[in-house]
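Please read the structure below before turning to the comments.
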Amino acid sequence: MPEPSKTHSSKSRARTQQPGRPWRPRMTEPGWPRHVLQVGVFEFRRTIRAIVDDKARAFLMAAGLVFPSLMLVGFLYLFADVIREAGSISLPPVARGTVALLWLFGVFIATQRVVSARPRIDAEPLMLTTVSARTVVGGLLIAETLRVLAYLALPVLVLTGGVVSLFASPVSAVLIPLAAVLFGLTAVLLGMVLGYAIALLIATSPFVARHKTVLGGLAAFLAIGGYLLVTLPQFGGIGQEALAVLPVGWFVDLAVLGSPVRGSTTRAVVALGGSLLVVLVGILLVEREATRLWFTDPVSGDVEKAAPTDHTTSGSERTRTALADGIAPVGIPRSVTQPVRRVAQWSILRTRRDPRRLNFLLLPVVGVGSGLLSSSAQFGSPWAVLAPAATVLLPWVAGATFAMNPFGDEGPVLPTTLIAISGSAYVRGLMVPGLLFGLPLVVLVTTGAALAAPFELSVAAGLVGTSVLGTLVAVTTAPAVGMYFPRFSAISIGQSRDVIPPRLLTTFVHFFGVTIPGLLLALLLIDAGIARSVVAGVVGFLPATLLTLAAGSDGGILSDVGTWFHGIGAGIQSIGVGRFQFAASGLLVVGAVVVAVVSYRLAVRRFDSYSPPA
């Protein structure tokens, strides 16, 4: 690492700072480009080590990279002759639009990462007194670009090799990686520009700092809504080809130069020249914004209240007042007992102060939700899919928002919490926010979507009832799952060490445990025949097919077990639709009630008997 620079010593800062004006760093140190590279590579290596240490995260990321690449390899291998014989074709506008959409998504992710997880570098006082702010900014830019390129490396390598081998186009070996690098670099730069601008606004505006959770949620909602409008034309009538006019989609024109795919040379030149301009301007803006952010004292988002003049007011009463003021305008009714109300207020306050803890909600909701909505093209009305999706996904969000990692959220005060409150009061306090705020929202949204969908009134009422039942299950099971699988360490390195997200195992167990039964119950209401076929296939026919394939022609015990599973599937299919609907729905409802009661008791028992790790 570079030696400490006297330019940024505390004495120098004291001499140059003027009253009423923020201190600004001096000129860059000698050899700063080398230091930029060192900082960037070092930060990237730390990210790699963090991913390798988290086995579950490493497996999911590897699967997300390897599986699409294998699919691309299989496609190129199977259709190699067809692709060669196709000859010269024009680049369709939808290809440019798709690239533009992916670029915008990358900008959104980069912006979100800067605002929520990486607005500052780790060991900030040491870094900013050792090297210049420009060096730190450049290092963060290099590290973030390397992270993006690491995601793109394998698919780009497969695509480049396939194009070069299929079309004997050596120039593609240069242009495709070049287009990928410019794609990632420009997306990261614009995301950092927007991210640091938002972080600076939060640091300087008390209103934005206080309401950053609500404003961030609204921004995410608008971004997801825009994504759905483009990817699902049946909602807004806007297809991906509408984005083909954006220059950020013209990277594909640069990539296809020299191949049989006819792109626009003019667009390719504009993409190349525009990228260089974005890089130059973006670096200057990021340096200016980040420097001002790092050397500005952030404002507080808490509303300052005058201290009470009554000296007889107890410390406990002042704490209760501070908690109530901290979550305002949201409030917990006075009818809720004090210990339960205190836990609920702390849960809401932690979430409001740092919405980064809610990032784990995005992956399942966006992934599963977009998949469900994409299938709505097969139906006459998109509400036919949106209503069941709201019935299934919103209850999980209501349950998972405040109580997925209660022990980890307590942090160093966990031992005090364990002896200061009973398990029943603590668990009920975790459940209150989901029931008080999540349940009305779930009912409101599900009711509107169900009434807009082409369903009978009885089906719409059933979907609303399913959402209520799903919310109760999600709210009661979240503390139990979170307590039995706690997490006490952050998954990323940086200034977000105080944000302890739940384990991936906790998230997926709770998500599938809530959504799969809810989806089956909603399907029983909409079309019991399809629900019966799905159950018969999953329980009987699918295992029978897999066992039969594994047994091969020799038969044996696997073949006999497969025949037994086939009989189970056939037996389910032979049940009348009405009888199956009544029996399966009743079983799911009773099972949901039992799971909710048992989960509550398990959570209370877990809290009362838990000992923090040494």
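For the structure tokens, the naming scheme is as follows: chains receive sequential letters (A, B, ...) according to their order of presentation, residues are indexed from 1 within each chain, and ligands are indexed from 1 in presentation order.
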Might you pull out every residue within 6 Å of Ser264 (chain A), with only C-alpha atoms counted and same-chain residues fewer than 2 positions away left off, and present them as a VMD selection string? chain A and resid 253 266 to 267
Taking C-alpha atoms for each residue, export the selection above as a PDB file, in the first residue's frame.
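For reference, again-v4.pdb as written:
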```
ATOM      1  CA  ASP A 253     -23.853  -2.889 -33.216  1.00  0.00           C
ATOM      2  CA  THR A 266     -22.643   4.670 -37.486  1.00  0.00           C
ATOM      3  CA  ARG A 267     -24.310   3.424 -34.311  1.00  0.00           C
TER       4      ARG A 267
END
```
DSSP-assigned helix (DSSP H, G or I) members of region 103-303 of chain A, reported as a PyMOL selection string:
chain A and resi 103-116+124-128+133-167+172-204+206-210+212-231+233-236+240-245+247-255+265-294
Per residue of region 481-537 of chain A within 12 Å of region 415-433 of chain A, which atom pair is closest and at what distance in Å (one decimal), using only C-alpha atoms, listed by chain and increasing number, as a Markdown table?
```
| residue | atom | partner | partner_atom | distance |
| --- | --- | --- | --- | --- |
| A:Val481 | CA | A:Val427 | CA | 11.9 |
| A:Gly482 | CA | A:Leu430 | CA | 11.1 |
| A:Met483 | CA | A:Val427 | CA | 10.2 |
```
Counting only C-alpha atoms, the residue among A:Phe485, A:Ala528, A:Leu285, A:Val475 that lies closest to Ser585 (chain A) is A:Ala528
| task | Calculate how many Å separate CA of Leu178 (chain A) from CA of Ala271 (chain A), rounding to one decimal. | result |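 These atoms are spaced 11.2 Å apart.
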- Considering only C-alpha atoms, return as number ranges by chain whatever protein or nucleic-acid residues lie within 8 Å of Pro406 (chain A), sequence-local ones (same chain, fewer than 2 positions apart) excluded. A: 403-404, 408-410, 479, 482-483, 486
**Request:** Using only C-alpha atoms, determine which residues lie at most 6 Å from region 187-203 of chain A, disregarding the query and same-chain residues fewer than 4 positions distant; provide the list as number ranges by chain.
**Result:** A: 106-107, 110-111, 114-115, 208-209, 282, 286, 289, 293, 298-299
Correct to one decimal, the distance CA of Phe407 (chain A)-CA of Phe607 (chain A) is 9.0 Å
Would you kindly return, as a PyMOL selection string, each protein, DNA or RNA residue with an atom no farther than 7 Å from any atom of Gly97 (chain A), considering only C-alpha atoms and excluding same-chain residues fewer than 3 positions away?
chain A and resi 93-94+100-101+240-244+249
*asked:* Can you pull out the residues contacting Gln581 (chain A)? Cut-off 10 Å, using only C-alpha atoms, and skip same-chain residues under 4 positions away; I want them as a ChimeraX atom specification.
replied: /A:521,523-525,527-529,531-532,575-577,585-587
Residues within 8 Å of Ile332 (chain A), please, as a PyMOL selection string. Count only C-alpha atoms; anything in the same chain fewer than 3 positions from it doesn't count.
chain A and resi 336+341+344-345
